[in-house]
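One file, start-v3.pdb, carrying PDB, C-alpha atoms (C1' of nucleotides):
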```
MODEL        1
ATOM      1  CA  MET F  16     133.293  89.172 139.002
ATOM      2  CA  THR F  17     131.645  86.581 141.202
ATOM      3  CA  PRO F  18     132.387  82.884 141.794
ATOM      4  CA  PHE F  19     129.192  81.950 140.061
ATOM      5  CA  ALA F  20     129.997  84.109 137.050
ATOM      6  CA  LYS F  21     133.461  82.551 136.938
ATOM      7  CA  LYS F  22     131.939  79.096 136.799
ATOM      8  CA  VAL F  23     129.514  80.171 134.123
ATOM      9  CA  TYR F  24     132.324  81.564 131.972
ATOM     10  CA  LYS F  25     134.295  78.392 132.397
ATOM     11  CA  VAL F  26     131.356  76.197 131.465
ATOM     12  CA  VAL F  27     130.401  78.316 128.477
ATOM     13  CA  SER F  28     134.014  78.303 127.311
ATOM     14  CA  ASN F  29     133.910  74.515 127.451
ATOM     15  CA  ILE F  30     131.094  74.313 124.937
ATOM     16  CA  PRO F  31     132.421  72.645 121.747
ATOM     17  CA  LEU F  32     132.647  74.640 118.550
ATOM     18  CA  GLY F  33     129.416  74.665 116.562
ATOM     19  CA  GLU F  34     127.497  73.300 119.531
ATOM     20  CA  VAL F  35     124.897  75.143 121.590
ATOM     21  CA  ARG F  36     123.777  74.673 125.159
ATOM     22  CA  THR F  37     120.780  76.034 127.033
ATOM     23  CA  TYR F  38     120.899  78.499 129.906
ATOM     24  CA  LYS F  39     119.507  75.732 132.036
ATOM     25  CA  TRP F  40     122.397  73.481 131.088
ATOM     26  CA  VAL F  41     124.916  76.180 131.882
ATOM     27  CA  ALA F  42     123.234  76.935 135.189
ATOM     28  CA  LEU F  43     123.236  73.239 135.975
ATOM     29  CA  LYS F  44     126.943  72.954 135.193
ATOM     30  CA  ALA F  45     127.531  76.090 137.226
ATOM     31  CA  GLY F  46     125.977  74.323 140.183
ATOM     32  CA  LYS F  47     122.828  76.448 140.344
ATOM     33  CA  PRO F  48     120.203  74.823 138.111
ATOM     34  CA  LYS F  49     117.657  77.406 139.191
ATOM     35  CA  ALA F  50     119.881  80.347 138.432
ATOM     36  CA  VAL F  51     119.261  80.242 134.693
ATOM     37  CA  ARG F  52     118.215  83.886 134.732
ATOM     38  CA  ALA F  53     121.225  84.907 136.739
ATOM     39  CA  VAL F  54     123.399  83.198 134.139
ATOM     40  CA  GLY F  55     121.817  85.160 131.333
ATOM     41  CA  GLN F  56     122.245  88.373 133.221
ATOM     42  CA  ILE F  57     125.875  87.603 133.941
ATOM     43  CA  LEU F  58     126.536  86.900 130.283
ATOM     44  CA  LYS F  59     124.943  90.202 129.404
ATOM     45  CA  ASN F  60     126.886  92.020 132.107
ATOM     46  CA  ASN F  61     130.082  90.094 131.431
ATOM     47  CA  PRO F  62     133.053  92.453 131.030
ATOM     48  CA  TYR F  63     134.415  90.732 127.917
ATOM     49  CA  PRO F  64     131.616  89.086 125.901
ATOM     50  CA  TRP F  65     133.996  88.515 123.010
ATOM     51  CA  PHE F  66     136.193  86.383 125.277
ATOM     52  CA  ILE F  67     133.220  84.241 126.061
ATOM     53  CA  PRO F  68     131.202  82.168 123.533
ATOM     54  CA  CYS F  69     127.950  83.482 124.927
ATOM     55  CA  HIS F  70     126.467  82.977 121.461
ATOM     56  CA  ARG F  71     126.499  79.252 122.119
ATOM     57  CA  VAL F  72     124.019  79.669 124.920
ATOM     58  CA  ILE F  73     120.353  79.620 123.930
ATOM     59  CA  CYS F  74     116.951  79.080 125.500
ATOM     60  CA  ALA F  75     115.704  75.588 126.269
ATOM     61  CA  SER F  76     112.943  76.089 123.695
ATOM     62  CA  GLY F  77     115.492  76.431 120.915
ATOM     63  CA  ASP F  78     115.156  80.213 120.916
ATOM     64  CA  LEU F  79     118.408  82.077 120.435
ATOM     65  CA  GLY F  80     117.701  84.188 123.471
ATOM     66  CA  GLY F  81     119.798  87.312 123.177
ATOM     67  CA  TYR F  82     123.237  88.535 122.202
ATOM     68  CA  VAL F  83     125.396  91.611 122.581
ATOM     69  CA  PHE F  84     125.615  92.043 118.802
ATOM     70  CA  GLY F  85     122.058  91.011 118.155
ATOM     71  CA  LYS F  86     120.239  87.733 117.785
ATOM     72  CA  LYS F  87     120.722  87.783 114.039
ATOM     73  CA  LYS F  88     124.458  87.988 114.483
ATOM     74  CA  LYS F  89     124.271  85.221 117.000
ATOM     75  CA  LYS F  90     122.540  82.958 114.517
ATOM     76  CA  ALA F  91     125.047  83.859 111.839
ATOM     77  CA  LEU F  92     127.900  83.165 114.234
ATOM     78  CA  LEU F  93     126.478  79.786 115.178
ATOM     79  CA  ASP F  94     126.108  78.868 111.536
ATOM     80  CA  LEU F  95     129.647  80.056 110.878
ATOM     81  CA  GLU F  96     131.006  77.922 113.696
ATOM     82  CA  LYS F  97     129.024  75.027 112.387
ATOM     83  CA  GLN F  98     130.725  75.417 109.029
ATOM     84  CA  ILE F  99     134.112  75.740 110.698
ATOM     85  CA  ARG F 100     133.544  72.553 112.633
ATOM     86  CA  LYS F 101     132.542  70.802 109.438
ATOM     87  CA  VAL F 102     135.826  71.835 107.858
ATOM     88  CA  MET F 103     137.827  70.877 110.926
ATOM     89  CA  VAL F 104     136.316  67.426 110.947
TER
ATOM     90  C1'  DC G 205     121.644  95.271 153.595
ATOM     91  C1'  DA G 206     117.599  95.681 150.600
ATOM     92  C1'  DA G 207     115.274  96.491 146.258
ATOM     93  C1'  DA G 208     114.993  96.049 141.354
ATOM     94  C1'  DC G 209     116.317  93.811 137.145
ATOM     95  C1'  DT G 210     117.376  89.980 134.067
ATOM     96  C1'  DA G 211     119.948  87.084 127.312
ATOM     97  C1'  DT G 212     114.770  81.905 131.310
ATOM     98  C1'  DT G 213     111.767  78.109 132.292
ATOM     99  C1'  DC G 214     107.508  75.695 133.368
ATOM    100  C1'  DA G 215     102.551  75.216 133.655
ATOM    101  C1'  DG G 216      97.928  76.231 132.125
ATOM    102  C1'  DC G 217      94.536  77.230 128.481
TER
ATOM    103  C1'  DG Z  10     101.288  78.653 120.393
ATOM    104  C1'  DC Z  11     100.958  82.267 123.814
ATOM    105  C1'  DT Z  12     100.544  84.329 128.503
ATOM    106  C1'  DG Z  13     101.343  84.451 133.343
ATOM    107  C1'  DA Z  14     103.892  83.335 137.406
ATOM    108  C1'  DA Z  15     108.142  81.758 139.964
ATOM    109  C1'  DT Z  16     113.315  81.405 141.074
ATOM    110  C1'  DA Z  17     118.196  82.732 142.016
ATOM    111  C1'  DG Z  18     121.965  85.573 141.501
ATOM    112  C1'  DT Z  19     124.013  90.245 140.081
ATOM    113  C1'  DT Z  20     124.137  94.921 140.447
ATOM    114  C1'  DT Z  21     123.262  99.476 142.352
ATOM    115  C1'  DG Z  22     121.905 102.818 146.068
TER
ENDMDL
END
```

Whole structure, structure tokens version:
Amino acid sequence: MTPFAKKVYKVVSNIPLGEVRTYKWVALKAGKPKAVRAVGQILKNNPYPWFIPCHRVICASGDLGGYVFGKKKKKALLDLEKQIRKVMV
DNA sequence: CAAACTATTCAGC
DNA sequence: GCTGAATAGTTTG
């Protein structure tokens, strides 16, 4: 666990339900706008990916990027959260 | 400490 | 739209 990773987790955990942010955005919020790749690697190496909404983090091009359970699952999860948010609102 | 790796991003064609 | 190159931090030896 590193200070940067901690920040990244915090930022990612602050992403609203059903919303998605880019690695760049997360890196920016983490304080290292140029560490987008490091962020992705941290998320992939993160000890508890299920404690972190890493599925809400995607590429700046709109690409899903990657996910521990698979990109397809990531998409499904995002859609699910979108539906949940719709119900909550 | 140094080298290698990475779920990315930007620029050029 | 696709390919190539660059950047910064993490991890491992």

task: For F:Lys25, work out the shell of residues within 10 Å, counting all atoms listed in the file and skipping chain neighbours fewer than 4 positions away, then give it as an NGL selection string.
output: :F and (19-21 or 29-30 or 41 or 44-45 or 67)

query: What gap, in Å, lies between atom CA of F:His70 and atom CA of F:Tyr82?
result: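 Spanning atom CA of F:His70 to atom CA of F:Tyr82 is a straight-line distance of 6.5 Å.
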
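Counting all atoms listed in the file, the residue from F:Met16, F:Asp78, F:Trp65, F:Glu34 that sits nearest to chain Z is F:Met16.
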
message: I need the output of the PyMOL selection byres ((chain Z and resi 14-16) around 8) for this file as a ChimeraX atom specification; which residues are they?
response: /F:49-50 /Z:13,17

task: Could you list the residues chosen by the PyMOL selection byres ((chain G) within 8 of (chain F)) in this structure as a PyMOL selection string?
output: chain G and resi 210-213

task: Work out how far atom CA of F:Val26 is from atom CA of F:Leu95, in Å to one decimal.
output: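 Taking atom CA of F:Leu95 as the start and atom CA of F:Val26 as the end point, the length is 21.0 Å.
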
- request: Kindly give the distance, in Å, that separates atom CA of F:Trp40 and atom CA of F:Pro68, rounded to a single decimal.
  value: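 Separation between atom CA of F:Trp40 and atom CA of F:Pro68: 14.5 Å.
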
field: Expected selection from the PyMOL selection byres ((chain Z and resi 10) around 12), given as a list in words
entry: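 Matching residues under the PyMOL selection byres ((chain Z and resi 10) around 12) are DC217 of chain G; DC11 and DT12 of chain Z.
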
field: Cut-off 10 Å around (120.6, 99.8, 140.2) with all atoms listed in the file: residues as a VMD selection string
entry: (chain G and resid 207 to 209) or (chain Z and resid 20 to 22)

task: Rank F:Leu32, F:Pro18, F:Arg71, F:Met103 by their smallest atom-to-atom distance to F:Lys88, using only C-alpha atoms, and report the top residue only.
output: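 Going through F:Leu32, F:Pro18, F:Arg71, F:Met103 one by one, the smallest distance to F:Lys88 is for F:Arg71.
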